[in-house]
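Undergrad: The structure that follows is given in the form of structure tokens.
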Amino acid sequence: MRPHKASICATLFALALALPASAQQTIKIGSSLGLTGYGSATDGHWRDGMQIAIEAVNAQGGVLGKKLELVIEDNKSTPQQAVVVYRKMMTDDKVAAFDSGCISAGNFAAASFVSRAKLPMFLCSILPRQPDEQKWAFQFLPPPKFEVDARYQYLKDKTDIRKVGILSDPSPYSLLMRGLAEKGAEEFGLTVVANESYQQDDADFSVQIGRINAAGAGAIIMLGQGNAVVTVVNNIRSLGLTKMLMLGSINELDILLSAGKVLGDQYLVPSPLIQVAADDIKVITDPAARAAAEPFVKAMKAKFGKSDNAQASRAWDSIMMMAAAMKKANSTDGTAVRDAFEKLGHYDGAGASYDFSAENHIGIIKNPYVIASVKDGVLVLKK
């Protein structure tokens with residue numbers, strides 16, 4: 001090699017090594033997910049929705065001439081590990097933004113240093129508590145009040161039950177819902193006559209259910225996700241409480257079907273319409289909502305076959321809206337993306353419609369839940 005050419009090659013190689021993180025060939029999106037532990041089912045579906053959304057965005061040319069790259073770290077469903085993985089993705093992977101799962105405590109624990117780094121957080125969970133942290137976080141979870149109200153409205157309109165008992169786990173989301181359920185019952189002409197708690201790994205709930213029944217409740221309002229609901233419905237059946245309604249929380253489709261198989265018409269659940277539409281897209285009658293849902297449902301079926309659309313649909317929406325904000329900002333700078341996201345305006349998504357703004361970082365302002373039951377092994381609208 002001639003000396004002149006050798007010098008040019010050496011210079012180019014040195015420049016390549018010195019390129020900053022901003023010059024990397026992909027836009028990295030970090031995701032803290034509880035892929036093991038109690039949140040594994042929920043966050044697994046959130047991961048699925050993000051993956052197919054990123055594939056769809058990249059198939060259309062990516063964002064700002066670059067492909068999106070999803071960086072996933074397992075927080076093991078604990079806040080301590082969430083802090084570790086958030087820091088790792090910031091320092092080692094140089095992510096441009098976060099799109100994280102449904103473990104509220106983990107997102108809370110990391111929010112302070114993520115906000116100081118001026119990185120937007122798009123979350124399956126509720127928002128962190130501090131105002132300075134909330135400026136950088138966007139919630140794709142419907143407000144917990146909607147989940148409570150859907151159940152109370154059904155009891156008011158469709159039953160003669162006026163006394164209810166609450167059964168809740170100690171997660172931040174459930175504690176927030178419990179306060180709403182206690183305060184909001186009177187609005188629907190209901191009275192909370194018992195308030196019981198449990199741990200996710202409890203093997204039996206007979207004592208709590210017995211106290212709720214003894215207090216005269218005609219329905220249990222269960223606040224908490226995961227397999228515990230299957231234990232509860234089995235306990236209700238074993239106790240012979242054939243007239244006790246069980247209104248569970250939003251949950252994974254396979255868990256809903258398992259609970260419904262045990263308790264039949266006694267088991268009801270608030271469900272986003274997209275979850276019921278897994279077997280029949282025509283249940284979505286609004287044209288804009290169906291148009292948004294159809295490409296998502298098609299992509300889910302192509303990659304996973306039959307799957308749970310509830311969490312995955314909102315994960316899909318979060319990526320699509322994040323990409324739209326980056327294009328609007330013509331930048332991946334955290335502040336620019338956050339500001340552009342606040343200005344997207346009304347957005348019809350696959351999982352819900354969203355109305356984020358500078359004043360509102362909880363995007364879902366219209367209750368997306370319907371009451372569903374299980375019939376012949378599928379989730380159906382409760383008439």
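Chains: A, B, ... in order of the structure tokens. Residues: from 1 per chain. Ligands: from 1, in order shown.
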So that I can see what lies close to Leu176 of chain A, please list as a compact mmCIF listing (two decimals) with C-alpha atoms, in the first residue's frame the residues with an atom at most 12 Å from it, counting only C-alpha atoms and leaving out residues fewer than 6 positions away in the same chain.
TA:
# COMPACT_ATOMS: atom_id res chain seq x y z
CA SER A 104 -44.97 0.18 38.20
CA ILE A 126 -49.03 4.21 35.86
CA LEU A 127 -46.93 7.38 35.97
CA ARG A 129 -45.21 10.04 41.52
CA PRO A 143 -56.52 5.25 34.32
CA PRO A 144 -57.28 2.75 37.10
CA LYS A 145 -60.59 4.55 37.76
CA GLU A 147 -61.35 -0.29 35.42
CA VAL A 148 -63.21 0.27 38.70
CA SER A 168 -56.63 -6.57 46.60
CA ASP A 169 -52.91 -7.24 46.38
CA PRO A 170 -50.25 -4.74 47.62
CA GLU A 182 -63.59 2.74 48.29
CA LYS A 183 -64.33 6.37 47.41
CA LEU A 223 -57.91 -5.72 42.36
CA GLY A 224 -54.78 -7.43 41.11
Undergrad: Got a sec: who's within 10 Å of segment 75-92 of chain A, counting only C-alpha atoms, leaving out chain neighbours fewer than 6 positions off, as a PyMOL selection string?
TA: chain A and resi 28-40+43+98+100-111+113-114+117+119
Undergrad: Go ahead and save the picked residues with N, CA and C atoms, as a short mmCIF file (atom, residue, chain, number, x, y, z; two decimals), in the first residue's frame.
TA:
data_model
loop_
_atom_site.label_atom_id
_atom_site.label_comp_id
_atom_site.auth_asym_id
_atom_site.auth_seq_id
_atom_site.Cartn_x
_atom_site.Cartn_y
_atom_site.Cartn_z
N LYS A 28 -31.83 3.21 19.11
CA LYS A 28 -32.06 2.19 20.13
C LYS A 28 -33.16 2.62 21.11
N ILE A 29 -34.11 1.75 21.28
CA ILE A 29 -35.21 1.96 22.23
C ILE A 29 -35.04 0.94 23.36
N GLY A 30 -34.88 1.43 24.58
CA GLY A 30 -34.69 0.53 25.73
C GLY A 30 -36.01 0.12 26.34
N SER A 31 -36.05 -1.11 26.84
CA SER A 31 -37.27 -1.60 27.47
C SER A 31 -36.94 -2.44 28.70
N SER A 32 -37.38 -1.97 29.85
CA SER A 32 -37.27 -2.72 31.10
C SER A 32 -38.54 -3.53 31.27
N LEU A 33 -38.40 -4.85 31.23
CA LEU A 33 -39.55 -5.75 31.26
C LEU A 33 -39.39 -6.82 32.34
N GLY A 34 -40.49 -7.16 32.99
CA GLY A 34 -40.49 -8.26 33.94
C GLY A 34 -40.73 -9.58 33.22
N LEU A 35 -39.72 -10.09 32.56
CA LEU A 35 -39.87 -11.32 31.78
C LEU A 35 -39.78 -12.57 32.64
N THR A 36 -39.33 -12.40 33.88
CA THR A 36 -39.43 -13.46 34.89
C THR A 36 -40.09 -12.84 36.12
N GLY A 37 -40.63 -13.67 37.00
CA GLY A 37 -41.34 -13.15 38.15
C GLY A 37 -42.81 -12.95 37.84
N TYR A 38 -43.52 -12.27 38.74
CA TYR A 38 -44.98 -12.20 38.66
C TYR A 38 -45.49 -11.44 37.44
N GLY A 39 -44.65 -10.57 36.87
CA GLY A 39 -45.10 -9.78 35.73
C GLY A 39 -44.79 -10.38 34.38
N SER A 40 -44.33 -11.63 34.34
CA SER A 40 -43.80 -12.19 33.10
C SER A 40 -44.85 -12.31 31.99
N ASP A 43 -45.83 -8.54 30.80
CA ASP A 43 -44.73 -7.87 30.10
C ASP A 43 -44.28 -8.65 28.87
N PHE A 98 -37.12 5.21 26.28
CA PHE A 98 -37.54 3.96 26.92
C PHE A 98 -39.00 3.67 26.60
N SER A 100 -41.19 0.89 28.33
CA SER A 100 -41.06 -0.17 29.34
C SER A 100 -42.40 -0.75 29.76
N GLY A 101 -42.32 -1.89 30.45
CA GLY A 101 -43.48 -2.69 30.75
C GLY A 101 -44.30 -2.22 31.93
N CYS A 102 -45.03 -3.16 32.52
CA CYS A 102 -46.12 -2.85 33.42
C CYS A 102 -45.77 -2.92 34.90
N ILE A 103 -44.48 -3.11 35.24
CA ILE A 103 -44.07 -3.17 36.65
C ILE A 103 -43.90 -1.74 37.17
N SER A 104 -44.95 -1.22 37.77
CA SER A 104 -44.97 0.18 38.20
C SER A 104 -43.81 0.50 39.14
N ALA A 105 -43.58 -0.37 40.12
CA ALA A 105 -42.55 -0.10 41.12
C ALA A 105 -41.18 0.03 40.47
N GLY A 106 -40.90 -0.78 39.45
CA GLY A 106 -39.62 -0.70 38.77
C GLY A 106 -39.47 0.58 37.98
N ASN A 107 -40.52 0.99 37.30
CA ASN A 107 -40.47 2.25 36.56
C ASN A 107 -40.35 3.44 37.50
N PHE A 108 -41.03 3.37 38.65
CA PHE A 108 -40.91 4.43 39.66
C PHE A 108 -39.46 4.56 40.12
N ALA A 109 -38.82 3.41 40.39
CA ALA A 109 -37.48 3.41 40.97
C ALA A 109 -36.45 4.03 40.03
N ALA A 110 -36.67 3.92 38.73
CA ALA A 110 -35.71 4.44 37.76
C ALA A 110 -36.04 5.84 37.28
N ALA A 111 -37.23 6.32 37.54
CA ALA A 111 -37.71 7.55 36.92
C ALA A 111 -36.86 8.77 37.26
N PHE A 113 -33.51 9.18 37.75
CA PHE A 113 -32.30 9.38 36.96
C PHE A 113 -32.58 9.37 35.45
N VAL A 114 -33.66 8.72 35.02
CA VAL A 114 -34.03 8.79 33.61
C VAL A 114 -34.49 10.21 33.26
N ALA A 117 -31.66 12.59 32.93
CA ALA A 117 -30.97 12.40 31.65
C ALA A 117 -31.79 12.93 30.48
N LEU A 119 -34.59 11.73 29.09
CA LEU A 119 -35.00 10.68 28.16
C LEU A 119 -36.49 10.40 28.37
#
Undergrad: For Leu257 of chain A, list every protein, DNA or RNA residue within 12 Å, evaluated using only C-alpha atoms, and leave out those in the same chain fewer than 3 positions away; present the list as an MDAnalysis selection string.
TA: chainID A and resid 227 229:230 233 248 251:254 260:265 267:269 275:276 308 372:380
Undergrad: Kindly indicate which residue among A:Ile371, A:Leu344, A:Cys124, A:Met326 lies nearest to Ala358 of chain A, using only C-alpha atoms for the distances.
TA: A:Leu344
Undergrad: For Pro172 of chain A, which of A:Ser125, A:Gln139, A:Thr191, A:Ser307 is the closest residue, counting only C-alpha atoms?
TA: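 Smallest separation from Pro172 of chain A among the options: A:Ser125.
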Undergrad: Determine the nearest neighbour of Ile54 of chain A from the options A:Ile364, A:Leu381, A:Met322, A:Leu247, counting only C-alpha atoms.
TA: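 Nearest to Ile54 of chain A: A:Met322.
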Undergrad: Pick out each residue of segment 32-242 of chain A that DSSP on the backbone tags as strand (DSSP E); I need them as a PyMOL selection string.
TA: chain A and resi 32-33+67-74+97-100+121-123+137-139+163-168+191-197+219-223
Undergrad: Residues as selected, N, CA, C and O atoms, written as a short mmCIF file (atom, residue, chain, number, x, y, z; two decimals), in the first residue's frame, can you do that?
TA:
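Below is the file that was written, again25.cif:
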data_model
loop_
_atom_site.label_atom_id
_atom_site.label_comp_id
_atom_site.auth_asym_id
_atom_site.auth_seq_id
_atom_site.Cartn_x
_atom_site.Cartn_y
_atom_site.Cartn_z
N SER A 32 -37.38 -1.97 29.85
CA SER A 32 -37.27 -2.72 31.10
C SER A 32 -38.54 -3.53 31.27
O SER A 32 -39.62 -2.98 31.42
N LEU A 33 -38.40 -4.85 31.23
CA LEU A 33 -39.55 -5.75 31.26
C LEU A 33 -39.39 -6.82 32.34
O LEU A 33 -38.30 -7.34 32.54
N LYS A 67 -33.04 2.44 11.15
CA LYS A 67 -33.93 1.41 11.67
C LYS A 67 -34.04 1.57 13.19
O LYS A 67 -33.10 2.02 13.86
N LEU A 68 -35.19 1.22 13.73
CA LEU A 68 -35.35 1.14 15.18
C LEU A 68 -34.77 -0.19 15.67
O LEU A 68 -34.92 -1.22 15.01
N GLU A 69 -34.14 -0.16 16.81
CA GLU A 69 -33.59 -1.37 17.42
C GLU A 69 -34.10 -1.45 18.86
O GLU A 69 -33.92 -0.51 19.65
N LEU A 70 -34.71 -2.56 19.20
CA LEU A 70 -35.26 -2.74 20.55
C LEU A 70 -34.22 -3.42 21.44
O LEU A 70 -33.72 -4.50 21.12
N VAL A 71 -33.89 -2.77 22.56
CA VAL A 71 -32.96 -3.32 23.54
C VAL A 71 -33.79 -3.73 24.76
O VAL A 71 -34.36 -2.88 25.44
N ILE A 72 -33.87 -5.02 25.02
CA ILE A 72 -34.71 -5.54 26.10
C ILE A 72 -33.84 -6.05 27.25
O ILE A 72 -32.86 -6.76 27.03
N GLU A 73 -34.21 -5.68 28.46
CA GLU A 73 -33.56 -6.19 29.67
C GLU A 73 -34.62 -6.68 30.65
O GLU A 73 -35.64 -6.02 30.84
N ASP A 74 -34.37 -7.83 31.24
CA ASP A 74 -35.30 -8.42 32.20
C ASP A 74 -35.07 -7.83 33.59
O ASP A 74 -33.99 -7.98 34.17
N ALA A 97 -34.63 6.46 23.99
CA ALA A 97 -35.88 6.57 24.75
C ALA A 97 -36.16 5.22 25.38
O ALA A 97 -35.52 4.21 25.03
N PHE A 98 -37.12 5.21 26.28
CA PHE A 98 -37.54 3.96 26.92
C PHE A 98 -39.00 3.67 26.60
O PHE A 98 -39.84 4.58 26.57
N ASP A 99 -39.28 2.41 26.36
CA ASP A 99 -40.65 1.93 26.22
C ASP A 99 -40.75 0.70 27.10
O ASP A 99 -40.41 -0.41 26.69
N SER A 100 -41.19 0.89 28.33
CA SER A 100 -41.06 -0.17 29.34
C SER A 100 -42.40 -0.75 29.76
O SER A 100 -43.46 -0.18 29.50
N MET A 121 -39.98 8.44 28.63
CA MET A 121 -40.37 7.09 29.04
C MET A 121 -41.82 6.85 28.61
O MET A 121 -42.71 7.59 29.02
N PHE A 122 -42.03 5.85 27.78
CA PHE A 122 -43.38 5.46 27.37
C PHE A 122 -43.68 4.18 28.12
O PHE A 122 -42.94 3.19 28.01
N LEU A 123 -44.76 4.18 28.91
CA LEU A 123 -44.93 3.15 29.93
C LEU A 123 -46.26 2.41 29.83
O LEU A 123 -47.31 3.01 29.58
N ALA A 137 -42.54 11.15 31.38
CA ALA A 137 -43.20 9.84 31.30
C ALA A 137 -44.58 9.98 30.67
O ALA A 137 -45.30 10.96 30.92
N PHE A 138 -44.94 8.99 29.86
CA PHE A 138 -46.23 8.96 29.18
C PHE A 138 -46.89 7.62 29.45
O PHE A 138 -46.29 6.57 29.21
N GLN A 139 -48.10 7.66 29.97
CA GLN A 139 -48.81 6.45 30.41
C GLN A 139 -49.74 5.93 29.33
O GLN A 139 -50.66 6.63 28.90
N LYS A 163 -74.13 -4.31 47.66
CA LYS A 163 -73.04 -4.45 48.63
C LYS A 163 -71.90 -5.25 48.00
O LYS A 163 -72.14 -6.31 47.43
N VAL A 164 -70.67 -4.72 48.10
CA VAL A 164 -69.52 -5.38 47.49
C VAL A 164 -68.39 -5.50 48.50
O VAL A 164 -68.31 -4.75 49.47
N GLY A 165 -67.52 -6.47 48.24
CA GLY A 165 -66.31 -6.63 49.02
C GLY A 165 -65.10 -6.47 48.11
O GLY A 165 -65.12 -6.89 46.95
N ILE A 166 -64.04 -5.84 48.62
CA ILE A 166 -62.81 -5.62 47.85
C ILE A 166 -61.76 -6.63 48.28
O ILE A 166 -61.58 -6.89 49.47
N LEU A 167 -61.07 -7.19 47.31
CA LEU A 167 -59.97 -8.13 47.56
C LEU A 167 -58.79 -7.67 46.72
O LEU A 167 -58.85 -7.70 45.49
N SER A 168 -57.70 -7.21 47.36
CA SER A 168 -56.63 -6.57 46.60
C SER A 168 -55.25 -7.02 47.02
O SER A 168 -55.03 -7.42 48.17
N THR A 191 -72.17 0.02 48.30
CA THR A 191 -71.50 0.13 49.59
C THR A 191 -70.43 -0.94 49.70
O THR A 191 -70.69 -2.12 49.43
N VAL A 192 -69.22 -0.53 50.07
CA VAL A 192 -68.14 -1.49 50.33
C VAL A 192 -68.28 -1.98 51.76
O VAL A 192 -68.11 -1.21 52.71
N VAL A 193 -68.62 -3.26 51.93
CA VAL A 193 -68.88 -3.79 53.26
C VAL A 193 -67.71 -4.60 53.80
O VAL A 193 -67.70 -4.99 54.98
N ALA A 194 -66.70 -4.88 52.96
CA ALA A 194 -65.52 -5.63 53.41
C ALA A 194 -64.34 -5.24 52.54
O ALA A 194 -64.49 -4.96 51.35
N ASN A 195 -63.17 -5.23 53.16
CA ASN A 195 -61.95 -4.84 52.45
C ASN A 195 -60.83 -5.79 52.86
O ASN A 195 -60.30 -5.69 53.97
N GLU A 196 -60.48 -6.72 51.98
CA GLU A 196 -59.50 -7.75 52.30
C GLU A 196 -58.29 -7.64 51.37
O GLU A 196 -58.39 -7.12 50.27
N SER A 197 -57.15 -8.14 51.84
CA SER A 197 -55.92 -8.09 51.05
C SER A 197 -55.31 -9.48 50.94
O SER A 197 -55.67 -10.40 51.67
N ALA A 219 -70.97 -9.34 45.62
CA ALA A 219 -69.95 -9.41 44.58
C ALA A 219 -68.59 -9.10 45.17
O ALA A 219 -68.47 -8.29 46.11
N ILE A 220 -67.57 -9.74 44.63
CA ILE A 220 -66.18 -9.45 44.98
C ILE A 220 -65.57 -8.61 43.87
O ILE A 220 -65.66 -8.96 42.69
N ILE A 221 -64.96 -7.50 44.24
CA ILE A 221 -64.22 -6.67 43.30
C ILE A 221 -62.74 -6.98 43.55
O ILE A 221 -62.15 -6.53 44.53
N MET A 222 -62.15 -7.80 42.67
CA MET A 222 -60.76 -8.20 42.86
C MET A 222 -59.85 -7.20 42.16
O MET A 222 -60.03 -6.90 40.98
N LEU A 223 -58.85 -6.71 42.88
CA LEU A 223 -57.91 -5.72 42.36
C LEU A 223 -56.53 -6.33 42.36
O LEU A 223 -55.87 -6.41 43.39
#
Undergrad: If you run DSSP over the backbone, which residues in segment 181-290 of chain A end up helix (DSSP H, G or I)? Put them as an NGL selection string.
TA: :A and (181-188 or 206-214 or 228-238 or 253-266 or 273-276 or 281-283 or 287-290)
Undergrad: Using C-alpha atoms, can you write the selected residues to a file as a PDB file, in the first residue's frame?
TA:
ATOM      1  CA  ALA A 181     -62.980   1.697  44.697  1.00  0.00           C
ATOM      2  CA  GLU A 182     -63.592   2.744  48.293  1.00  0.00           C
ATOM      3  CA  LYS A 183     -64.325   6.365  47.406  1.00  0.00           C
ATOM      4  CA  GLY A 184     -66.241   5.726  44.204  1.00  0.00           C
ATOM      5  CA  ALA A 185     -68.756   3.094  45.313  1.00  0.00           C
ATOM      6  CA  GLU A 186     -71.283   5.629  46.589  1.00  0.00           C
ATOM      7  CA  GLU A 187     -71.402   7.315  43.162  1.00  0.00           C
ATOM      8  CA  PHE A 188     -72.938   4.095  41.801  1.00  0.00           C
ATOM      9  CA  SER A 206     -60.999 -18.917  51.593  1.00  0.00           C
ATOM     10  CA  VAL A 207     -60.655 -16.879  54.792  1.00  0.00           C
ATOM     11  CA  GLN A 208     -60.851 -13.527  52.983  1.00  0.00           C
ATOM     12  CA  ILE A 209     -63.741 -14.696  50.796  1.00  0.00           C
ATOM     13  CA  GLY A 210     -65.566 -16.027  53.846  1.00  0.00           C
ATOM     14  CA  ARG A 211     -65.328 -12.664  55.580  1.00  0.00           C
ATOM     15  CA  ILE A 212     -66.563 -10.863  52.464  1.00  0.00           C
ATOM     16  CA  ASN A 213     -69.532 -13.229  52.240  1.00  0.00           C
ATOM     17  CA  ALA A 214     -70.314 -12.909  55.959  1.00  0.00           C
ATOM     18  CA  ALA A 228     -54.249 -15.444  41.883  1.00  0.00           C
ATOM     19  CA  VAL A 229     -57.657 -14.928  40.265  1.00  0.00           C
ATOM     20  CA  VAL A 230     -57.805 -18.622  39.344  1.00  0.00           C
ATOM     21  CA  THR A 231     -57.257 -19.535  42.999  1.00  0.00           C
ATOM     22  CA  VAL A 232     -60.015 -17.132  44.045  1.00  0.00           C
ATOM     23  CA  VAL A 233     -62.601 -18.535  41.643  1.00  0.00           C
ATOM     24  CA  ASN A 234     -61.763 -22.086  42.711  1.00  0.00           C
ATOM     25  CA  ASN A 235     -62.232 -21.026  46.351  1.00  0.00           C
ATOM     26  CA  ILE A 236     -65.604 -19.449  45.559  1.00  0.00           C
ATOM     27  CA  ARG A 237     -66.772 -22.669  43.920  1.00  0.00           C
ATOM     28  CA  SER A 238     -65.404 -24.836  46.753  1.00  0.00           C
ATOM     29  CA  LEU A 253     -56.416 -13.856  28.084  1.00  0.00           C
ATOM     30  CA  ASP A 254     -55.366 -17.357  29.104  1.00  0.00           C
ATOM     31  CA  ILE A 255     -55.952 -16.493  32.766  1.00  0.00           C
ATOM     32  CA  LEU A 256     -59.363 -14.999  31.983  1.00  0.00           C
ATOM     33  CA  LEU A 257     -60.372 -18.141  30.099  1.00  0.00           C
ATOM     34  CA  SER A 258     -59.155 -20.386  32.932  1.00  0.00           C
ATOM     35  CA  ALA A 259     -61.125 -18.414  35.524  1.00  0.00           C
ATOM     36  CA  GLY A 260     -64.244 -18.367  33.353  1.00  0.00           C
ATOM     37  CA  LYS A 261     -64.054 -22.117  32.837  1.00  0.00           C
ATOM     38  CA  VAL A 262     -64.202 -22.617  36.614  1.00  0.00           C
ATOM     39  CA  LEU A 263     -66.908 -20.125  37.572  1.00  0.00           C
ATOM     40  CA  GLY A 264     -68.930 -19.663  34.386  1.00  0.00           C
ATOM     41  CA  ASP A 265     -71.374 -16.734  34.393  1.00  0.00           C
ATOM     42  CA  GLN A 266     -70.363 -15.780  37.930  1.00  0.00           C
ATOM     43  CA  LEU A 273     -62.500  -4.261  23.176  1.00  0.00           C
ATOM     44  CA  ILE A 274     -59.387  -5.330  21.230  1.00  0.00           C
ATOM     45  CA  GLN A 275     -59.014  -8.286  23.618  1.00  0.00           C
ATOM     46  CA  VAL A 276     -62.541  -9.479  22.875  1.00  0.00           C
ATOM     47  CA  ILE A 281     -62.556  -8.114  14.590  1.00  0.00           C
ATOM     48  CA  LYS A 282     -66.131  -7.125  13.684  1.00  0.00           C
ATOM     49  CA  VAL A 283     -66.955  -6.495  17.349  1.00  0.00           C
ATOM     50  CA  PRO A 287     -64.518   2.720  11.673  1.00  0.00           C
ATOM     51  CA  ALA A 288     -61.448   4.633  12.885  1.00  0.00           C
ATOM     52  CA  ALA A 289     -60.793   2.157  15.690  1.00  0.00           C
ATOM     53  CA  ARG A 290     -61.145  -0.825  13.376  1.00  0.00           C
TER      54      ARG A 290
END
Undergrad: With distances taken over only C-alpha atoms, which of A:Gln134, A:Gln153, A:Gln200, A:Ile27 is nearest to Arg116 of chain A?
TA: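 The closest residue to Arg116 of chain A is A:Gln134.
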Undergrad: I'd like the interatomic distance between atom CA of Lys366 of chain A and atom CA of Arg151 of chain A, to a tenth of an Å.
TA: 15.4 Å
Undergrad: Ranking A:Tyr198, A:Ala352, A:Gly216, A:Gly334 by minimum distance to Val95 of chain A and counting only C-alpha atoms, which one comes first?
TA: A:Gly334
Undergrad: Pick out the closest residue to Phe356 of chain A from this set: A:Arg47, A:Phe205, A:Tyr152, A:Lys135. Count only C-alpha atoms.
TA: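 When distances to Phe356 of chain A are compared using only C-alpha atoms, the smallest one comes from A:Lys135.
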Undergrad: Need to verify the contact set: Ala350 of chain A, 9 Å, only C-alpha atoms, exclusion of same-chain residues closer than 6 positions in sequence. Can you return it as a list in words?
TA: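 The neighbour list is Ile274, Ala289, Arg290, Ala291, Ala292, Ala293, Glu294, Pro295, Phe296, Val297, Ser313, Arg314, Trp316 and Asp317 of chain A.
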Undergrad: Store the residues of this selection in a file with C-alpha atoms, as a PDB file, in the first residue's frame.
TA:
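Below is the file that was written, out_35.pdb:
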ATOM      1  CA  ILE A 274     -59.387  -5.330  21.230  1.00  0.00           C
ATOM      2  CA  ALA A 289     -60.793   2.157  15.690  1.00  0.00           C
ATOM      3  CA  ARG A 290     -61.145  -0.825  13.376  1.00  0.00           C
ATOM      4  CA  ALA A 291     -58.867   0.734  10.756  1.00  0.00           C
ATOM      5  CA  ALA A 292     -56.200   1.202  13.450  1.00  0.00           C
ATOM      6  CA  ALA A 293     -56.697  -2.300  14.847  1.00  0.00           C
ATOM      7  CA  GLU A 294     -56.627  -4.288  11.606  1.00  0.00           C
ATOM      8  CA  PRO A 295     -52.896  -3.953  10.750  1.00  0.00           C
ATOM      9  CA  PHE A 296     -52.008  -4.775  14.351  1.00  0.00           C
ATOM     10  CA  VAL A 297     -54.227  -7.872  14.436  1.00  0.00           C
ATOM     11  CA  SER A 313     -52.016  -3.500  21.193  1.00  0.00           C
ATOM     12  CA  ARG A 314     -51.055  -0.588  23.427  1.00  0.00           C
ATOM     13  CA  TRP A 316     -47.828  -1.360  19.331  1.00  0.00           C
ATOM     14  CA  ASP A 317     -49.482   2.052  19.719  1.00  0.00           C
TER      15      ASP A 317
END
